[in-house]
Each structure stands twice: as structure tokens, then as C-alpha cells.
Amino acid sequence: MGQLENIASQVRRDIVRMVHAVQSGHPGGSLGCADYLTALYFSEMKHNTNFSMNGKDEDVFFLSNGHVSPLMYSILARAGYFEVKELATFRKLNSRLQGHPTTHEGLPGVRMSSGSLGQGMSVAIGFTWRWRTARRTKLGSYDVCCT
């Protein structure tokens, strides 16, 4: 448990640094969900930093609440999807780390744009249904998570 607490603590520091540096963002939700996403990515989920959109043979996460993008970016960086130093570009021009995660930025670990609140749940349900009906093709076992 100590390792997860250390990671969650570092993630919270990342969130505060990112939001403070640009004086923009929503730190409350990010800070409040830090333990949850830390546990998912560093203990529970089977995921691969060699990211592919289809999620074959790995657990899949969908972020519905795009306001917690600082949290998502910190988790992805700390999990090895991209370099931690990129967190310093949060919400800056030409950065992949904008106020809401988007797929067109090519950021590994982001499977959907999360602008409309609540949209992630319907996407997660659709993804689960698709995988469930496609089991005949041996896509592998997985869990789908959403927040």
C-alpha cells in the first residue's frame, strides 16, 4: 500500500503544479480522484504503454469527466505513456495536454475526447458490448473502467 500512497502523493503534486502554472483548470475533481486512478493504473488494471486504440488483451479506461484532465495526464505520464516533463506543457499553445483530453492530439492512453460530461459512460458501455459480442474472435479478456 505504501507504494500506491507515494504514487498518489506525487500525482497530487503534479496536479497542483500544472494547474497553478497556468492559473487555469479544475484541481478539486482531479485531487479527489487521485487515489482511485492511482489504484486502477498501478494496481488493478492490466494496461500497455504501447498504446493501441482497440485495447486488445488489456483493460480499458474511459475518462468521462474531462475536467479532471490534470489527473489523467499525471497518471498516464507516471505510468510511462509519455515523459513526465511534458506535464509542464499543460494547457499551453500547441501542447497535447489541453483542458480536456482529445484523441486528435495523439496522446497515448486517451481513447476518447471527453468534452461532454457523462458521455464516457455510454462510450464505455458501447465498448463493452462490442467486445462482448466479438469474443468469438478471441479479442482476449479485459475489464472496462470509466469515471
# chains A, B, ... in the order shown; residues from 1 in each chain; ligands from 1
$ residues_around --residues "stretch 108-112 of chain A" --least-positions-apart "5" --cutoff "9 Å" --atoms "only C-alpha atoms" --output "compact mmCIF listing (two decimals) with N, CA and C atoms, in the first residue's frame"
# COMPACT_ATOMS: atom_id res chain seq x y z
N ASN A 48 -1.10 -1.42 -21.25
CA ASN A 48 0.13 -1.47 -22.02
C ASN A 48 0.48 -0.07 -22.50
N THR A 49 1.68 0.39 -22.18
CA THR A 49 2.09 1.72 -22.61
C THR A 49 2.37 1.79 -24.11
N ASN A 50 2.47 0.64 -24.77
CA ASN A 50 2.50 0.60 -26.25
C ASN A 50 1.05 0.65 -26.71
N PHE A 51 0.48 1.81 -26.59
CA PHE A 51 -0.95 2.04 -26.70
C PHE A 51 -1.52 1.70 -28.08
N SER A 52 -2.67 1.04 -28.07
CA SER A 52 -3.44 0.85 -29.30
C SER A 52 -4.90 1.14 -28.98
N MET A 53 -5.61 1.71 -29.90
CA MET A 53 -7.00 2.11 -29.66
C MET A 53 -7.92 0.93 -29.40
N ASN A 54 -7.62 -0.24 -29.95
CA ASN A 54 -8.53 -1.37 -29.79
C ASN A 54 -8.43 -2.03 -28.42
N VAL A 60 -9.36 -1.45 -20.23
CA VAL A 60 -9.58 -0.20 -20.93
C VAL A 60 -10.21 0.81 -19.96
N PHE A 61 -9.74 2.05 -20.02
CA PHE A 61 -10.29 3.12 -19.18
C PHE A 61 -10.82 4.24 -20.05
N PHE A 62 -12.01 4.73 -19.71
CA PHE A 62 -12.60 5.88 -20.38
C PHE A 62 -12.81 6.99 -19.36
N LEU A 63 -12.30 8.16 -19.66
CA LEU A 63 -12.48 9.32 -18.80
C LEU A 63 -13.71 10.08 -19.26
N SER A 64 -14.73 10.10 -18.44
CA SER A 64 -15.96 10.81 -18.78
C SER A 64 -15.88 12.27 -18.35
N MET A 72 -5.59 12.77 -15.19
CA MET A 72 -5.38 11.77 -16.24
C MET A 72 -3.99 11.90 -16.84
N LEU A 76 -1.08 9.03 -16.64
CA LEU A 76 -0.50 8.47 -17.87
C LEU A 76 1.01 8.67 -17.92
N TYR A 81 3.32 6.30 -20.26
CA TYR A 81 2.76 6.51 -21.59
C TYR A 81 3.48 7.64 -22.35
N PHE A 82 3.98 8.62 -21.62
CA PHE A 82 4.78 9.70 -22.20
C PHE A 82 5.66 10.26 -21.08
N PRO A 101 -8.96 16.02 -22.42
CA PRO A 101 -8.21 15.10 -23.30
C PRO A 101 -8.92 14.88 -24.63
N THR A 102 -8.16 14.86 -25.70
CA THR A 102 -8.72 14.61 -27.02
C THR A 102 -7.90 13.55 -27.74
N THR A 103 -8.55 12.85 -28.64
CA THR A 103 -7.83 11.82 -29.39
C THR A 103 -7.02 12.40 -30.53
N GLY A 120 -18.72 9.56 -21.33
CA GLY A 120 -17.83 8.42 -21.19
C GLY A 120 -18.54 7.13 -20.81
N VAL A 123 -19.96 5.55 -23.90
CA VAL A 123 -18.88 5.01 -24.71
C VAL A 123 -18.35 3.72 -24.09
$ residues_around --residues "A:Leu117" --least-positions-apart "6" --cutoff "9 Å" --atoms "only C-alpha atoms" --output "PyMOL selection string"
chain A and resi 64-67
$ select_by_dssp --residues "chain A" --states "helix (DSSP H, G or I)" --output "ChimeraX atom specification"
/A:2-22,27-32,34-44,66-78,84-89,119-133,135-137
$ closest_residue --among "A:Met18, A:Leu93, A:Met45, A:Val84" --to "A:Ser69" --atoms "only C-alpha atoms"
A:Met18
$ closest_residue --among "A:Val68, A:Leu40, A:Tyr142, A:Ala21" --to "A:Leu87" --atoms "only C-alpha atoms"
A:Ala21
$ atom_distance --atom1 "atom CA of A:Gly126" --atom2 "atom CA of A:Phe42"
25.2 Å
$ select_by_dssp --residues "chain A" --states "strand (DSSP E or B)" --output "list in words"
Val60, Phe61, Phe62, Val144, Cys145 and Cys146 of chain A
$ closest_residue --among "A:Leu97, A:Ile7, A:Phe90, A:Ile125" --to "A:Val22" --atoms "only C-alpha atoms"
A:Phe90
$ closest_residue --among "A:Gln98, A:Ser122, A:Ser113, A:Ser9" --to "A:Cys146" --atoms "only C-alpha atoms"
A:Ser122
